[in-house]
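Engineer: PDB, C-alpha atoms and all ligand atoms, file input-v5.pdb:
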```pdb
MODEL        1
ATOM      1  CA  MET U   1     -12.578  -9.640  23.560
ATOM      2  CA  MET U   2     -16.202 -10.454  22.809
ATOM      3  CA  PRO U   3     -16.947 -13.108  20.197
ATOM      4  CA  ARG U   4     -17.857 -11.719  16.779
ATOM      5  CA  ASP U   5     -20.658 -14.094  15.901
ATOM      6  CA  LYS U   6     -22.525 -11.681  13.742
ATOM      7  CA  MET U   7     -21.201 -10.572  10.340
ATOM      8  CA  GLN U   8     -22.944  -7.697   8.564
ATOM      9  CA  VAL U   9     -22.191  -6.052   5.244
ATOM     10  CA  PHE U  10     -23.252  -2.495   4.390
ATOM     11  CA  ALA U  11     -22.829  -0.476   1.222
ATOM     12  CA  GLY U  12     -22.084   3.132   0.466
ATOM     13  CA  ARG U  13     -23.759   4.590  -2.603
ATOM     14  CA  ALA U  14     -20.666   4.121  -4.803
ATOM     15  CA  SER U  15     -20.789   0.336  -4.402
ATOM     16  CA  THR U  16     -24.389  -0.737  -3.866
ATOM     17  CA  GLU U  17     -24.545  -3.127  -6.858
ATOM     18  CA  LEU U  18     -21.235  -4.770  -5.990
ATOM     19  CA  ALA U  19     -22.228  -5.105  -2.311
ATOM     20  CA  GLU U  20     -25.522  -6.745  -3.306
ATOM     21  CA  LYS U  21     -23.601  -9.325  -5.331
ATOM     22  CA  VAL U  22     -21.175  -9.904  -2.442
ATOM     23  CA  CYS U  23     -24.069 -10.437  -0.030
ATOM     24  CA  ALA U  24     -25.771 -12.831  -2.452
ATOM     25  CA  LYS U  25     -22.548 -14.878  -2.535
ATOM     26  CA  LEU U  26     -22.344 -14.820   1.279
ATOM     27  CA  SER U  27     -26.064 -15.695   1.516
ATOM     28  CA  ILE U  28     -26.713 -12.763   3.856
ATOM     29  CA  PRO U  29     -28.945  -9.734   3.347
ATOM     30  CA  LEU U  30     -27.295  -6.386   2.653
ATOM     31  CA  GLY U  31     -27.367  -4.287   5.825
ATOM     32  CA  LYS U  32     -30.024  -1.600   5.885
ATOM     33  CA  ALA U  33     -29.040   2.049   6.106
ATOM     34  CA  GLU U  34     -30.578   5.297   4.960
ATOM     35  CA  ILE U  35     -28.282   7.715   3.199
ATOM     36  CA  ARG U  36     -29.673  10.968   1.912
ATOM     37  CA  PRO U  37     -28.566  14.563   1.719
ATOM     38  CA  PHE U  38     -29.510  17.327   4.145
ATOM     39  CA  PRO U  39     -31.077  20.309   2.331
ATOM     40  CA  ASP U  40     -27.644  21.952   2.096
ATOM     41  CA  GLY U  41     -26.066  18.847   0.505
ATOM     42  CA  GLU U  42     -24.316  17.472   3.609
ATOM     43  CA  ILE U  43     -24.646  13.689   3.983
ATOM     44  CA  ASP U  44     -27.258  12.374   6.448
ATOM     45  CA  LEU U  45     -26.869   8.704   7.336
ATOM     46  CA  LYS U  46     -28.657   6.290   9.641
ATOM     47  CA  VAL U  47     -28.004   2.586  10.082
ATOM     48  CA  ILE U  48     -31.343   0.806  10.443
ATOM     49  CA  ASP U  49     -30.176  -2.685  11.482
ATOM     50  CA  ASP U  50     -28.979  -3.452  14.993
ATOM     51  CA  VAL U  51     -25.179  -3.718  14.724
ATOM     52  CA  ARG U  52     -24.041  -3.829  18.370
ATOM     53  CA  GLY U  53     -21.192  -6.326  18.784
ATOM     54  CA  SER U  54     -21.092  -7.170  15.060
ATOM     55  CA  ASP U  55     -18.184  -7.733  12.725
ATOM     56  CA  VAL U  56     -19.124  -5.106  10.145
ATOM     57  CA  PHE U  57     -17.903  -4.632   6.568
ATOM     58  CA  ILE U  58     -18.693  -1.393   4.770
ATOM     59  CA  ILE U  59     -18.157  -1.543   1.000
ATOM     60  CA  GLN U  60     -17.478   1.771  -0.695
ATOM     61  CA  SER U  61     -15.175   2.635  -3.578
ATOM     62  CA  THR U  62     -13.825   6.161  -3.402
ATOM     63  CA  SER U  63     -14.491   6.664  -7.095
ATOM     64  CA  ALA U  64     -15.845   9.851  -8.651
ATOM     65  CA  PRO U  65     -17.178  11.994  -7.137
ATOM     66  CA  ALA U  66     -14.245  10.952  -4.947
ATOM     67  CA  ASP U  67     -14.680  13.598  -2.279
ATOM     68  CA  SER U  68     -18.325  12.854  -1.489
ATOM     69  CA  HIS U  69     -17.830   9.078  -1.714
ATOM     70  CA  LEU U  70     -14.864   9.336   0.657
ATOM     71  CA  MET U  71     -16.809  11.571   3.037
ATOM     72  CA  GLU U  72     -19.715   9.128   2.951
ATOM     73  CA  LEU U  73     -17.351   6.265   3.846
ATOM     74  CA  LEU U  74     -15.921   8.258   6.771
ATOM     75  CA  ILE U  75     -19.380   9.162   8.047
ATOM     76  CA  PHE U  76     -20.487   5.514   7.709
ATOM     77  CA  ILE U  77     -17.481   4.333   9.731
ATOM     78  CA  ASP U  78     -18.132   6.959  12.403
ATOM     79  CA  CYS U  79     -21.774   5.955  12.565
ATOM     80  CA  LEU U  80     -20.951   2.243  12.975
ATOM     81  CA  LYS U  81     -18.320   2.963  15.622
ATOM     82  CA  ARG U  82     -20.816   4.975  17.662
ATOM     83  CA  ALA U  83     -23.348   2.152  17.269
ATOM     84  CA  SER U  84     -20.949  -0.110  19.233
ATOM     85  CA  VAL U  85     -19.909  -2.559  16.537
ATOM     86  CA  GLU U  86     -17.115  -4.936  17.491
ATOM     87  CA  ARG U  87     -14.960  -4.396  14.402
ATOM     88  CA  ILE U  88     -15.150  -2.329  11.226
ATOM     89  CA  THR U  89     -13.510  -3.355   7.956
ATOM     90  CA  ALA U  90     -13.505  -0.658   5.288
ATOM     91  CA  VAL U  91     -13.829  -2.558   2.012
ATOM     92  CA  ILE U  92     -12.568  -0.139  -0.632
ATOM     93  CA  PRO U  93     -12.592  -1.965  -3.991
ATOM     94  CA  TYR U  94     -11.200   1.144  -5.721
ATOM     95  CA  PHE U  95      -8.996   3.306  -3.503
ATOM     96  CA  GLY U  96      -9.109   6.789  -5.036
ATOM     97  CA  TYR U  97      -6.421   9.453  -4.683
ATOM     98  CA  ALA U  98      -3.923   6.574  -4.895
ATOM     99  CA  ARG U  99      -1.887   8.214  -7.646
ATOM    100  CA  GLN U 100      -0.926  11.001  -5.251
ATOM    101  CA  ASP U 101       1.301   8.646  -3.280
ATOM    102  CA  ARG U 102       4.572  10.587  -3.177
ATOM    103  CA  LYS U 103       6.074  14.018  -3.632
ATOM    104  CA  ALA U 104       6.948  13.829  -7.313
ATOM    105  CA  GLU U 105       7.861  17.521  -7.138
ATOM    106  CA  GLY U 106       8.067  20.237  -4.486
ATOM    107  CA  ARG U 107       5.013  21.725  -2.740
ATOM    108  CA  VAL U 108       2.534  18.936  -3.547
ATOM    109  CA  PRO U 109       0.485  16.872  -1.079
ATOM    110  CA  ILE U 110       0.618  13.120  -0.507
ATOM    111  CA  THR U 111      -3.129  12.756  -0.602
ATOM    112  CA  ALA U 112      -3.132   8.937  -0.513
ATOM    113  CA  LYS U 113      -1.523   9.165   2.945
ATOM    114  CA  LEU U 114      -4.028  11.803   4.042
ATOM    115  CA  VAL U 115      -6.904   9.555   2.950
ATOM    116  CA  ALA U 116      -5.378   6.600   4.830
ATOM    117  CA  ASN U 117      -5.148   8.776   7.959
ATOM    118  CA  LEU U 118      -8.769   9.881   7.596
ATOM    119  CA  ILE U 119     -10.068   6.316   7.262
ATOM    120  CA  THR U 120      -8.102   5.175  10.295
ATOM    121  CA  THR U 121      -9.079   8.207  12.386
ATOM    122  CA  ALA U 122     -12.741   7.707  11.516
ATOM    123  CA  GLY U 123     -12.511   4.308  13.230
ATOM    124  CA  ALA U 124     -11.783   1.577  10.672
ATOM    125  CA  ASP U 125     -10.028  -1.440  12.218
ATOM    126  CA  ARG U 126      -9.005  -3.044   8.930
ATOM    127  CA  VAL U 127      -8.986  -2.301   5.218
ATOM    128  CA  LEU U 128      -9.721  -4.660   2.351
ATOM    129  CA  THR U 129      -8.899  -3.331  -1.088
ATOM    130  CA  ILE U 130      -8.102  -4.423  -4.649
ATOM    131  CA  ASP U 131      -5.180  -3.504  -6.905
ATOM    132  CA  LEU U 132      -3.839  -0.411  -5.203
ATOM    133  CA  HIS U 133      -2.072   1.860  -7.672
ATOM    134  CA  ALA U 134       1.117   1.190  -5.671
ATOM    135  CA  ALA U 135       1.385  -1.693  -3.185
ATOM    136  CA  GLN U 136       3.346   0.544  -0.786
ATOM    137  CA  ILE U 137       0.128   2.423   0.004
ATOM    138  CA  GLN U 138      -0.592  -0.475   2.384
ATOM    139  CA  GLY U 139       2.113   1.042   4.570
ATOM    140  CA  PHE U 140       0.233   4.347   4.768
ATOM    141  CA  PHE U 141      -2.163   2.580   7.134
ATOM    142  CA  ASP U 142      -1.253   1.598  10.684
ATOM    143  CA  ILE U 143      -4.070  -0.965  10.669
ATOM    144  CA  PRO U 144      -4.079  -4.308   8.804
ATOM    145  CA  VAL U 145      -4.638  -4.062   5.056
ATOM    146  CA  ASP U 146      -5.633  -7.042   2.919
ATOM    147  CA  HIS U 147      -4.677  -6.252  -0.661
ATOM    148  CA  LEU U 148      -6.350  -8.420  -3.308
ATOM    149  CA  PHE U 149      -5.629  -8.611  -7.024
ATOM    150  CA  SER U 150      -8.234  -8.866  -9.763
ATOM    151  CA  SER U 151      -5.794 -10.903 -11.867
ATOM    152  CA  PRO U 152      -7.246 -14.372 -11.036
ATOM    153  CA  VAL U 153     -10.623 -13.243 -12.432
ATOM    154  CA  MET U 154      -9.039 -11.545 -15.449
ATOM    155  CA  ILE U 155      -6.630 -14.372 -16.262
ATOM    156  CA  GLU U 156      -9.376 -16.995 -16.176
ATOM    157  CA  TYR U 157     -11.288 -14.969 -18.766
ATOM    158  CA  ILE U 158      -8.251 -14.299 -20.984
ATOM    159  CA  LYS U 159      -7.314 -18.000 -20.933
ATOM    160  CA  HIS U 160     -10.738 -18.893 -22.265
ATOM    161  CA  LEU U 161     -10.192 -16.564 -25.267
ATOM    162  CA  ARG U 162      -7.298 -18.837 -26.373
ATOM    163  CA  ILE U 163      -5.393 -15.995 -28.066
ATOM    164  CA  PRO U 164      -2.478 -17.350 -30.116
ATOM    165  CA  LYS U 165       0.991 -15.731 -30.150
ATOM    166  CA  LEU U 166       0.157 -13.725 -27.054
ATOM    167  CA  ILE U 167       2.537 -11.248 -25.465
ATOM    168  CA  VAL U 168       1.730  -9.291 -22.312
ATOM    169  CA  VAL U 169       2.617  -5.606 -22.421
ATOM    170  CA  ALA U 170       3.045  -3.124 -19.572
ATOM    171  CA  PRO U 171       1.956   0.299 -20.899
ATOM    172  CA  ASP U 172       4.513   1.992 -18.648
ATOM    173  CA  VAL U 173       7.480   1.044 -16.516
ATOM    174  CA  GLY U 174       5.378   1.284 -13.322
ATOM    175  CA  GLY U 175       3.175  -1.548 -14.585
ATOM    176  CA  VAL U 176       5.955  -4.095 -15.121
ATOM    177  CA  LYS U 177       5.305  -6.080 -11.934
ATOM    178  CA  LEU U 178       1.623  -6.527 -12.772
ATOM    179  CA  ALA U 179       2.374  -7.417 -16.400
ATOM    180  CA  ARG U 180       5.008  -9.921 -15.322
ATOM    181  CA  ALA U 181       2.471 -11.689 -13.100
ATOM    182  CA  TYR U 182       0.043 -11.948 -16.032
ATOM    183  CA  ALA U 183       2.796 -13.165 -18.365
ATOM    184  CA  LYS U 184       3.777 -15.858 -15.879
ATOM    185  CA  HIS U 185       0.242 -17.185 -15.475
ATOM    186  CA  LEU U 186      -0.487 -17.037 -19.198
ATOM    187  CA  ALA U 187       2.931 -18.533 -20.089
ATOM    188  CA  ALA U 188       3.470 -15.555 -22.403
ATOM    189  CA  ASP U 189       6.390 -13.222 -23.117
ATOM    190  CA  LEU U 190       6.599  -9.728 -21.685
ATOM    191  CA  ALA U 191       7.205  -6.349 -23.322
ATOM    192  CA  ILE U 192       7.266  -2.830 -21.860
ATOM    193  CA  VAL U 193       6.293   0.553 -23.256
ATOM    194  CA  ASP U 194       8.762   3.085 -21.952
ATOM    195  CA  LYS U 195       6.570   6.109 -21.291
ATOM    196  CA  ARG U 196       7.459   9.564 -20.108
ATOM    197  CA  ARG U 197       4.744  11.473 -18.237
ATOM    198  CA  ILE U 198       4.532  15.150 -19.179
ATOM    199  CA  GLY U 199       1.545  16.261 -17.090
ATOM    200  CA  PRO U 200      -1.331  14.930 -14.948
ATOM    201  CA  ARG U 201      -3.594  14.544 -17.999
ATOM    202  CA  GLN U 202      -1.013  14.084 -20.735
ATOM    203  CA  THR U 203       1.412  11.217 -21.237
ATOM    204  CA  GLU U 204       3.820  10.401 -24.000
ATOM    205  CA  ALA U 205       4.654   6.837 -24.990
ATOM    206  CA  MET U 206       8.269   6.629 -26.075
ATOM    207  CA  GLN U 207       9.546   3.206 -27.144
ATOM    208  CA  ILE U 208       8.963  -0.519 -26.746
ATOM    209  CA  ILE U 209      11.296  -2.839 -24.890
ATOM    210  CA  GLY U 210      10.676  -6.328 -26.318
ATOM    211  CA  ASP U 211       9.662  -7.850 -29.639
ATOM    212  CA  ILE U 212       5.971  -7.491 -30.430
ATOM    213  CA  LYS U 213       6.063  -7.837 -34.239
ATOM    214  CA  GLY U 214       3.319 -10.183 -35.492
ATOM    215  CA  LYS U 215       2.112 -10.842 -31.930
ATOM    216  CA  ASN U 216      -1.287 -10.469 -30.305
ATOM    217  CA  ILE U 217      -1.080  -8.091 -27.387
ATOM    218  CA  LEU U 218      -2.582  -8.175 -23.918
ATOM    219  CA  MET U 219      -1.974  -4.821 -22.293
ATOM    220  CA  VAL U 220      -2.534  -4.752 -18.523
ATOM    221  CA  ASP U 221      -2.897  -1.780 -16.201
ATOM    222  CA  ASP U 222      -4.376  -0.987 -12.808
ATOM    223  CA  MET U 223      -6.836   1.569 -14.196
ATOM    224  CA  ILE U 224      -8.148   3.321 -17.258
ATOM    225  CA  SER U 225      -8.874   6.962 -16.561
ATOM    226  CA  THR U 226      -8.568   9.171 -19.656
ATOM    227  CA  ALA U 227      -7.393   6.109 -21.685
ATOM    228  CA  THR U 228      -4.425   8.170 -22.900
ATOM    229  CA  THR U 229      -1.787   5.774 -21.561
ATOM    230  CA  ILE U 230      -3.089   2.677 -23.318
ATOM    231  CA  SER U 231      -4.139   4.525 -26.486
ATOM    232  CA  ASN U 232      -0.663   5.977 -26.910
ATOM    233  CA  ALA U 233       0.848   2.576 -26.197
ATOM    234  CA  ALA U 234      -1.459   0.965 -28.780
ATOM    235  CA  GLU U 235      -0.447   3.480 -31.419
ATOM    236  CA  ILE U 236       3.235   2.742 -30.945
ATOM    237  CA  MET U 237       2.625  -1.015 -30.870
ATOM    238  CA  ARG U 238       0.674  -0.960 -34.131
ATOM    239  CA  SER U 239       3.471   1.009 -35.756
ATOM    240  CA  LYS U 240       5.845  -1.788 -34.645
ATOM    241  CA  GLY U 241       3.706  -4.557 -36.169
ATOM    242  CA  ALA U 242       1.379  -5.648 -33.338
ATOM    243  CA  LYS U 243      -1.726  -7.590 -34.463
ATOM    244  CA  ASN U 244      -4.794  -7.676 -32.216
ATOM    245  CA  ILE U 245      -4.703  -5.681 -28.989
ATOM    246  CA  TYR U 246      -6.660  -6.666 -25.867
ATOM    247  CA  VAL U 247      -6.659  -4.722 -22.614
ATOM    248  CA  CYS U 248      -7.181  -5.802 -18.997
ATOM    249  CA  ALA U 249      -7.493  -3.109 -16.334
ATOM    250  CA  THR U 250      -8.970  -3.426 -12.868
ATOM    251  CA  HIS U 251     -10.465  -0.009 -12.238
ATOM    252  CA  ALA U 252     -12.818   1.521 -14.791
ATOM    253  CA  VAL U 253     -12.301   5.153 -13.836
ATOM    254  CA  LEU U 254     -13.346   6.067 -17.399
ATOM    255  CA  THR U 255     -13.392   9.857 -17.351
ATOM    256  CA  GLU U 256     -15.274  11.830 -19.991
ATOM    257  CA  GLY U 257     -14.107  11.103 -23.521
ATOM    258  CA  SER U 258     -12.305   7.878 -22.568
ATOM    259  CA  LEU U 259     -14.819   5.546 -24.250
ATOM    260  CA  GLN U 260     -14.405   7.386 -27.545
ATOM    261  CA  LYS U 261     -10.648   7.170 -27.148
ATOM    262  CA  LEU U 262     -10.848   3.411 -26.567
ATOM    263  CA  GLN U 263     -12.899   2.980 -29.727
ATOM    264  CA  LYS U 264     -10.541   5.136 -31.737
ATOM    265  CA  ALA U 265      -7.632   2.970 -30.573
ATOM    266  CA  ARG U 266      -9.470  -0.077 -32.059
ATOM    267  CA  PHE U 267      -8.886  -2.408 -29.121
ATOM    268  CA  ASN U 268     -10.381  -5.846 -29.756
ATOM    269  CA  GLU U 269     -11.710  -6.001 -26.221
ATOM    270  CA  VAL U 270     -11.251  -3.964 -23.057
ATOM    271  CA  VAL U 271     -11.744  -6.117 -19.981
ATOM    272  CA  LEU U 272     -12.505  -4.226 -16.775
ATOM    273  CA  SER U 273     -13.830  -5.102 -13.329
ATOM    274  CA  ASP U 274     -16.786  -3.815 -11.348
ATOM    275  CA  THR U 275     -14.725  -2.170  -8.577
ATOM    276  CA  ILE U 276     -16.255   1.037  -9.972
ATOM    277  CA  TYR U 277     -19.892   0.924 -11.010
ATOM    278  CA  HIS U 278     -20.994   1.975 -14.490
ATOM    279  CA  ASN U 279     -24.472   1.646 -15.889
ATOM    280  CA  PRO U 280     -24.012  -1.007 -18.629
ATOM    281  CA  LYS U 281     -26.142   1.157 -20.941
ATOM    282  CA  THR U 282     -23.445   3.859 -20.866
ATOM    283  CA  LEU U 283     -20.712   1.452 -22.003
ATOM    284  CA  THR U 284     -19.802   0.269 -25.502
ATOM    285  CA  ASP U 285     -19.685  -3.298 -26.919
ATOM    286  CA  GLN U 286     -15.905  -3.128 -26.793
ATOM    287  CA  ILE U 287     -16.015  -3.289 -22.993
ATOM    288  CA  ARG U 288     -16.493  -6.397 -20.885
ATOM    289  CA  ILE U 289     -17.002  -6.050 -17.147
ATOM    290  CA  LEU U 290     -15.978  -8.971 -14.918
ATOM    291  CA  SER U 291     -17.123  -9.096 -11.321
ATOM    292  CA  VAL U 292     -14.788  -9.173  -8.337
ATOM    293  CA  SER U 293     -17.746  -9.937  -6.057
ATOM    294  CA  GLY U 294     -16.747 -13.605  -5.666
ATOM    295  CA  MET U 295     -13.239 -12.828  -4.467
ATOM    296  CA  LEU U 296     -14.458 -10.030  -2.192
ATOM    297  CA  ALA U 297     -17.084 -12.308  -0.648
ATOM    298  CA  GLU U 298     -14.488 -15.006  -0.041
ATOM    299  CA  ALA U 299     -12.041 -12.503   1.490
ATOM    300  CA  ILE U 300     -14.763 -11.107   3.764
ATOM    301  CA  ARG U 301     -15.712 -14.621   4.867
ATOM    302  CA  ARG U 302     -12.091 -15.456   5.633
ATOM    303  CA  ILE U 303     -11.475 -12.219   7.528
ATOM    304  CA  HIS U 304     -14.586 -12.870   9.611
ATOM    305  CA  TYR U 305     -13.475 -16.411  10.462
ATOM    306  CA  SER U 306      -9.806 -15.386  10.912
ATOM    307  CA  GLU U 307      -8.685 -17.602   8.029
ATOM    308  CA  SER U 308      -5.766 -16.852   5.722
ATOM    309  CA  VAL U 309      -6.529 -14.341   2.993
ATOM    310  CA  SER U 310      -3.121 -14.554   1.335
ATOM    311  CA  SER U 311      -3.988 -17.837  -0.416
ATOM    312  CA  LEU U 312      -6.405 -15.766  -2.554
ATOM    313  CA  PHE U 313      -3.389 -13.967  -4.033
ATOM    314  CA  ILE U 314      -1.596 -15.131  -7.156
TER     315      ILE U 314
HETATM  316  C1  LIG U 401      -0.260   5.172 -14.275
HETATM  317  O1  LIG U 401       0.700   5.197 -13.542
HETATM  318  C2  LIG U 401      -1.412   4.248 -14.093
HETATM  319  O2  LIG U 401      -0.989   2.930 -13.816
HETATM  320  C3  LIG U 401      -2.307   4.245 -15.315
HETATM  321  O3  LIG U 401      -1.550   3.818 -16.421
HETATM  322  C4  LIG U 401      -2.859   5.605 -15.585
HETATM  323  O4  LIG U 401      -3.286   6.201 -14.397
HETATM  324  C5  LIG U 401      -4.003   5.510 -16.546
HETATM  325  O5  LIG U 401      -4.502   6.796 -16.733
HETATM  326  P1  LIG U 401      -5.001   7.299 -18.146
HETATM  327  O6  LIG U 401      -6.037   6.307 -18.629
HETATM  328  O7  LIG U 401      -5.580   8.652 -17.864
HETATM  329  O8  LIG U 401      -3.838   7.375 -19.065
ENDMDL
END
```
Would you give me this structure, written as structure tokens?
Ligand code: R5P

Structural biologist:
Amino acid sequence: MMPRDKMQVFAGRASTELAEKVCAKLSIPLGKAEIRPFPDGEIDLKVIDDVRGSDVFIIQSTSAPADSHLMELLIFIDCLKRASVERITAVIPYFGYARQDRKAEGRVPITAKLVANLITTAGADRVLTIDLHAAQIQGFFDIPVDHLFSSPVMIEYIKHLRIPKLIVVAPDVGGVKLARAYAKHLAADLAIVDKRRIGPRQTEAMQIIGDIKGKNILMVDDMISTATTISNAAEIMRSKGAKNIYVCATHAVLTEGSLQKLQKARFNEVVLSDTIYHNPKTLTDQIRILSVSGMLAEAIRRIHYSESVSSLFI
């Protein structure tokens, strides 16, 4: 195998800002590529830099519009492969379609698996991603997957808030593992909202397992989409005597109407990451965005130099 002396980082249009920050941390320029639509809307892409023999990282979240961002990632990978790069790592800070990871009922697709197949078939050699909706999605790929967590960045910030009487709450049973990790690192207790899902866009919070009366709450989740899950959970918690409620969620999917819902739920602060880009002007004061660029840059550096990535996990 040829040596991979050269490391280059490119960005799809979903993740340009994040990729620029990553490159600044790696002290390398962002790779040059031209991406623009053909007159009929199909994606036209050309890599400008010489990439032959390089260890290439392409950063692209498959956030909304998920289909065109995914297609752009696939086309980028194909382009790099045909330009004779040595290795391609698809860096997907937010892996979309992740919630369709099993057949919850008959006659439905497992789109997360389909997406994994597409990325592999396009020519990716490795995947680097953050807070998959379900860790098992790693197994949908037959190529190495490095799965990072945003929790070190989030926990550092929460610690500095010095919130007294803190209890970490999982807004649904699926989020218990994540909440437990936060509780451990913040030396806080853990509670769970037992939620029953009644449709893709509607959820119903049922009851709380744990004692939250008089406590300050940190609710943690992998993503905020419609904000229904955490708003419902907040309502129940307030009715059971919760005091201040803070939220930490990695992926700011933030569909239409979600910001209003967050304000209505009167969260003290909603801490999100920049795995999905939002123009700060479109966000409210309630929201704080923390950057995962440092951890991504470090993971990319370690992958390039074949160093352990697992020590980045907590
Ligand atoms: C559910 O399983 C996820 O972890 C999130 O709780 C959910 O996807 C958030 O979606 P929404 O904000 O639309 O309730």

Engineer: By how many Å are atom CA of U:Lys113 and atom CA of U:Ala64 apart?

Structural biologist: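 Pair atom CA of U:Lys113 / atom CA of U:Ala64 returns 18.4 Å.
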
Engineer: Between U:Phe38, U:Pro171, U:Ile92, U:Leu18, single out the one closest to U:Leu148, counting all atoms listed in the file.

Structural biologist: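 The answer is U:Ile92, which sits nearest to U:Leu148.
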
Engineer: Counting all atoms listed in the file, which residues of stretch 94-148 of chain U sit at most 9 Å from some atom of stretch 216-230 of chain U, and what is each one's closest atom pair with its distance in Å to one decimal, listed by chain and rising residue number, as JSON lines?

Structural biologist:
```
{"residue": "U:Asp131", "atom": "CA", "partner": "U:Asp222", "partner_atom": "CA", "distance": 6.5}
{"residue": "U:Leu132", "atom": "CA", "partner": "U:Asp222", "partner_atom": "CA", "distance": 7.6}
{"residue": "U:His133", "atom": "CA", "partner": "U:Asp222", "partner_atom": "CA", "distance": 6.3}
```

Engineer: Using only C-alpha atoms, which of the listed residues (U:His251, U:Arg126, U:Lys195, U:His147) sits closest to U:Thr275?

Structural biologist: U:His251

Engineer: Please list as a VMD selection string every residue within 8 Å of U:Asp189, counting only C-alpha atoms and excluding residues in the same chain fewer than 4 positions away.

Structural biologist: chain U and resid 166 to 168 183

Engineer: Set the distance at 6 Å and use all atoms listed in the file: which residues neighbour U:Ala112 once local chain neighbours fewer than 3 positions away are removed? I'd like the list as a PDB file with C-alpha atoms, in the frame of the given file.

Structural biologist:
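This is the output file out_31.pdb:
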```
ATOM      1  CA  TYR U  97      -6.421   9.453  -4.683  1.00  0.00           C
ATOM      2  CA  ALA U  98      -3.923   6.574  -4.895  1.00  0.00           C
ATOM      3  CA  GLN U 100      -0.926  11.001  -5.251  1.00  0.00           C
ATOM      4  CA  ASP U 101       1.301   8.646  -3.280  1.00  0.00           C
ATOM      5  CA  VAL U 115      -6.904   9.555   2.950  1.00  0.00           C
TER       6      VAL U 115
END
```

Engineer: Can you find the residues with an atom no farther than 12 Å from (-14.9, -12.0, -12.0), counting only C-alpha atoms, and report them as a PyMOL selection string?

Structural biologist: chain U and resi 18+21-22+149-158+250+271-275+288-297

Engineer: With distances taken over only C-alpha atoms and all ligand atoms, which of U:Thr129, U:Ser27, U:Ser258, U:Asn117 is nearest to ligand LIG 401 (chain U)?

Structural biologist: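 Going through U:Thr129, U:Ser27, U:Ser258, U:Asn117 one by one, the smallest distance to ligand LIG 401 (chain U) is for U:Ser258.
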
Engineer: Would you mind reading off the distance between atom CA of U:Ala181 and atom CA of U:Ala134, one decimal, in Å?

Structural biologist: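 Going from atom CA of U:Ala181 over to atom CA of U:Ala134, I get 14.9 Å.
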
Engineer: Compare U:Lys159, U:Ile276, U:Asp40, U:Leu114 by their minimum atom-to-atom distance to U:Ser15, counting all atoms listed in the file, and give me the closest one.

Structural biologist: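 The shortest atom-to-atom distance to U:Ser15 comes from U:Ile276.
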
Engineer: Go ahead and find all residues with at least one atom no further than 7 Å from (-24.6, 2.6, 5.6) in the file's coordinates, using all atoms listed in the file; report them as a list of chain:residue names.

Structural biologist: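 The distance filter leaves exactly U:Phe10, U:Ala11, U:Gly12, U:Lys32, U:Ala33, U:Glu34, U:Ile35, U:Leu45, U:Lys46, U:Val47, U:Phe76.
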
Engineer: Applied to the shown file, which residues does the PyMOL selection byres (((chain U and resi 287) around 12) and not hetatm) return, written as a ChimeraX atom specification?

Structural biologist: /U:224,246-249,252,254,258-260,262-263,266-274,278,280-286,288-290

Engineer: Box for stretch 220-232 of chain U: with edges along x, y and z, all listed atoms inside and 5 Å added on each side, what are the centre and edge lengths in Å to one decimal, as AutoDock Vina command-line options?

Structural biologist:
```
--center_x -4.8 --center_y 2.2 --center_z -19.9 --size_x 18.2 --size_y 23.9 --size_z 24.1
```

Engineer: What does the distance from atom CA of U:Val9 to atom CA of U:Ile77 come to in Å, to one decimal?

Structural biologist: 12.3 Å

Engineer: Is it possible to add N, CA, C and O atoms to stretch 143-149 of chain U and hand it back as a compact mmCIF listing (two decimals), in the coordinates of the input?

Structural biologist:
```txt
# COMPACT_ATOMS: atom_id res chain seq x y z
N ILE U 143 -3.14 0.12 10.36
CA ILE U 143 -4.07 -0.96 10.67
C ILE U 143 -3.87 -2.03 9.58
O ILE U 143 -3.31 -1.72 8.53
N PRO U 144 -4.31 -3.28 9.84
CA PRO U 144 -4.08 -4.31 8.80
C PRO U 144 -4.78 -3.99 7.49
O PRO U 144 -5.92 -3.51 7.48
N VAL U 145 -4.08 -4.25 6.40
CA VAL U 145 -4.64 -4.06 5.06
C VAL U 145 -4.54 -5.39 4.31
O VAL U 145 -3.46 -5.98 4.21
N ASP U 146 -5.66 -5.88 3.81
CA ASP U 146 -5.63 -7.04 2.92
C ASP U 146 -5.76 -6.51 1.50
O ASP U 146 -6.75 -5.84 1.17
N HIS U 147 -4.76 -6.81 0.70
CA HIS U 147 -4.68 -6.25 -0.66
C HIS U 147 -4.88 -7.38 -1.67
O HIS U 147 -4.02 -8.24 -1.84
N LEU U 148 -6.04 -7.37 -2.32
CA LEU U 148 -6.35 -8.42 -3.31
C LEU U 148 -5.99 -7.95 -4.71
O LEU U 148 -5.87 -6.76 -4.96
N PHE U 149 -5.89 -8.91 -5.61
CA PHE U 149 -5.63 -8.61 -7.02
C PHE U 149 -6.78 -9.15 -7.87
O PHE U 149 -7.27 -10.25 -7.61
```
